[in-house]
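Working notes, beginning with the structure itself.
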Amino acid sequence: MQLWTRRQKVAAMSEAIEPKPAILLVCLGNICRSPMAEGALRDAANIAGLNITVDSAGTAGYHIGESPDPRAIATALRHGVDISGASGRKLSEEDFYNFTHIFAFDKANLAGIKARQPRHGMARVALLLDVLDDSKGKPVPDPYYGDDSDFEDCWIMVKEAIDALVANLSQESDKPAT
Ligand code: 4NP
């Protein structure tokens with residue numbers, strides 16, 4: 001028999017009302033933008049002491065089971081984040097039930113995600129840069145056909161959005177349960 005403390009009971013009850021945030025970052029190939037964003041979000045959430053689920057996926061299945069692009073790994077590492085253990089996967093129907101938020105990187109991703117969205121999926125789907133008031137509707141350009149500086153620019157854009165997202169989620173989690 002499991003005996004719960006009062007704190008555990010309150011946490012379980014509030015989670016039933018307001019599920020723990022679960023963030024899925026979805027680009028096209030799941031080897032450049034989304035694994036960098038996943039690494040940045042894990043790192044920022046850890047630093048903020050925020051208890052969230054984080055994962056990434058691609059709308060295409062070109063790189064299933066592959067490590068992130070070496071340029072993405074090197075860029076993240078320069079910023080103190082190790083994403084070398086990530087493995088590419090494709091967005092699935094269950095993701096729309098298992099995640100509270102799904103973030104796309106550009107309009108094509110967004111369309112690809114929405115095309116797979118089941119009618120009763122719970123996840124809120126949006127562009128990642130929509131979390132920044134002055135960048136709503138803007139894409140994070142794909143650095144795959146670019147060079148190291150495109151990967152660096154990508155990290156900077158993603159990191160700004162991720163920090164804003166963590167600040168928003170931290171504020172939400174600080175609100176008293178009603
Ligand atoms: P990502 O970049 O969507 O940021 O992971 C890409 C990676 C691979 C391909 C396209 C985009 N590809 O065509 O293989």
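Residues are referred to by chain and number: the chain letter is A, B, ... according to the order shown in the structure tokens, the number counts from 1 in that chain, and ligands are numbered separately from 1 in the order shown.
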So that I can check the surroundings of range 49-61 of chain A, please list as a VMD selection string every protein, DNA and RNA residue that reaches within 9 Å of it, counting only C-alpha atoms and ignoring chain neighbours fewer than 4 positions away.
chain A and resid 20 to 31 34 to 35 37 to 39 41 to 42 44 to 45 86 88 to 92 99 109 112 to 113 166 169 to 170 173
As JSON, numbers by chain, please: every residue in range 37-163 of chain A that DSSP puts in helix (DSSP H, G or I).
{"A": [37, 38, 39, 40, 41, 42, 43, 44, 45, 46, 47, 48, 70, 71, 72, 73, 74, 75, 76, 77, 78, 95, 96, 97, 98, 107, 108, 109, 110, 111, 112, 113, 114, 115, 116, 128, 129, 130, 131, 133, 134, 135, 148, 149, 150, 151, 152, 153, 154, 155, 156, 157, 158, 159, 160, 161, 162, 163]}
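Ranking A:Asp43, A:Ala167, A:Tyr144, A:Ala72 by their shortest atom-to-atom distance to ligand 1, with only C-alpha atoms and all ligand atoms included, puts A:Tyr144 first.
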DSSP strand (DSSP E) selection over range 106-140 of chain A, as a list in words:
Arg124, Val125, Ala126 and Leu127 of chain A
Shell around Arg119 in chain A at 10 Å using only C-alpha atoms, local window under 3 positions removed, as a VMD selection string:
chain A and resid 96 116 122
Using only N, CA and C atoms, please write the residues we just selected to a file, as a PDB file, in the first residue's frame.
```pdb
ATOM      1  N   PHE A  96       0.561  13.950 -29.634  1.00  0.00           N
ATOM      2  CA  PHE A  96      -0.481  14.976 -29.455  1.00  0.00           C
ATOM      3  C   PHE A  96      -1.273  14.765 -28.159  1.00  0.00           C
ATOM      4  N   ARG A 116      -1.026  16.375 -39.055  1.00  0.00           N
ATOM      5  CA  ARG A 116      -1.047  15.084 -38.349  1.00  0.00           C
ATOM      6  C   ARG A 116      -1.841  15.148 -37.044  1.00  0.00           C
ATOM      7  N   MET A 122      -4.585  16.854 -27.382  1.00  0.00           N
ATOM      8  CA  MET A 122      -4.653  17.910 -26.367  1.00  0.00           C
ATOM      9  C   MET A 122      -3.575  18.971 -26.546  1.00  0.00           C
TER      10      MET A 122
END
```
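Near range 149-158 of chain A, within a cut-off of 8 Å and counting only C-alpha atoms, sit the residues A:Arg33, A:Met36, A:Ala37, A:Ala40, A:Arg71, A:Ala72, A:Thr75, A:Ala76, A:Leu128, A:Leu129, A:Val140, A:Pro141, A:Asp142, A:Pro143, with same-chain residues fewer than 6 positions away left out.
The two atoms in question, CA of Ser87 in chain A and CA of Glu18 in chain A, are spaced 29.5 Å apart.
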Just the number, please: distance in Å from CA of Pro118 in chain A to CA of Thr100 in chain A, one decimal.
13.9 Å
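Counting from atom 5 (O, counted along the ligand's line) of ligand 1, the distance to CA of His120 in chain A is 27.3 Å.
Distances here use only C-alpha atoms; by that measure, the residue among A:Leu132, A:Ala48, A:Ala126, A:Ile83 closest to Phe105 in chain A is A:Ala126.
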Quick one: of A:Glu172, A:Ala104, A:Glu94, A:Val81, who's nearest to Pro139 in chain A, counting only C-alpha atoms?
A:Ala104
Among A:Lys107, A:Arg124, A:His79, A:His101, ligand 1 is approached most closely, using only C-alpha atoms and all ligand atoms, by A:Lys107
Write out as a ChimeraX atom specification each polymer residue whose atoms come within 7 Å of Ile73 in chain A, counting only C-alpha atoms; drop sequence neighbours fewer than 4 positions from it.
/A:68-69,77,82-84
Now that the selection is made, can you save its residues with N, CA and C atoms as a PDB file, in the first residue's frame?
```
ATOM      1  N   PRO A  68      22.332  13.945 -33.561  1.00  0.00           N
ATOM      2  CA  PRO A  68      22.225  15.273 -34.172  1.00  0.00           C
ATOM      3  C   PRO A  68      23.395  15.534 -35.129  1.00  0.00           C
ATOM      4  N   ASP A  69      23.171  16.470 -36.055  1.00  0.00           N
ATOM      5  CA  ASP A  69      24.214  16.911 -36.975  1.00  0.00           C
ATOM      6  C   ASP A  69      25.447  17.332 -36.143  1.00  0.00           C
ATOM      7  N   LEU A  77      27.601  22.398 -27.582  1.00  0.00           N
ATOM      8  CA  LEU A  77      28.719  22.186 -26.653  1.00  0.00           C
ATOM      9  C   LEU A  77      29.451  23.491 -26.361  1.00  0.00           C
ATOM     10  N   ASP A  82      25.446  19.407 -23.782  1.00  0.00           N
ATOM     11  CA  ASP A  82      25.819  18.194 -24.526  1.00  0.00           C
ATOM     12  C   ASP A  82      24.557  17.538 -25.097  1.00  0.00           C
ATOM     13  N   ILE A  83      24.424  17.563 -26.425  1.00  0.00           N
ATOM     14  CA  ILE A  83      23.246  16.933 -27.052  1.00  0.00           C
ATOM     15  C   ILE A  83      23.654  15.694 -27.852  1.00  0.00           C
ATOM     16  N   SER A  84      24.879  15.215 -27.619  1.00  0.00           N
ATOM     17  CA  SER A  84      25.389  14.110 -28.450  1.00  0.00           C
ATOM     18  C   SER A  84      24.597  12.818 -28.272  1.00  0.00           C
TER      19      SER A  84
END
```
Any idea what's packed within 12 Å of Asp134 in chain A, counting only C-alpha atoms, ignoring anything in its chain fewer than 5 positions away? Could you give it as a PyMOL selection string?
chain A and resi 129+160-161+164
Now that the selection is made, can you save its residues with C-alpha atoms as a short mmCIF file (atom, residue, chain, number, x, y, z; two decimals), in the first residue's frame?
```cif
data_model
loop_
_atom_site.label_atom_id
_atom_site.label_comp_id
_atom_site.auth_asym_id
_atom_site.auth_seq_id
_atom_site.Cartn_x
_atom_site.Cartn_y
_atom_site.Cartn_z
CA LEU A 129 9.20 32.24 -31.70
CA GLU A 160 16.15 33.55 -26.45
CA ALA A 161 12.81 31.84 -27.05
CA ALA A 164 11.23 33.24 -22.38
#
```
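For the choices A:Asp163, A:Asp106, A:Asp148, A:Asp174, the atom-to-atom distance to ligand 1 is smallest for A:Asp106 when using only C-alpha atoms and all ligand atoms.
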Identify which of the residues A:Gly85, A:Pro70, A:Gly121, A:Gly80 lies closest to ligand 1, counting only C-alpha atoms and all ligand atoms when measuring atom-to-atom distances.
A:Pro70
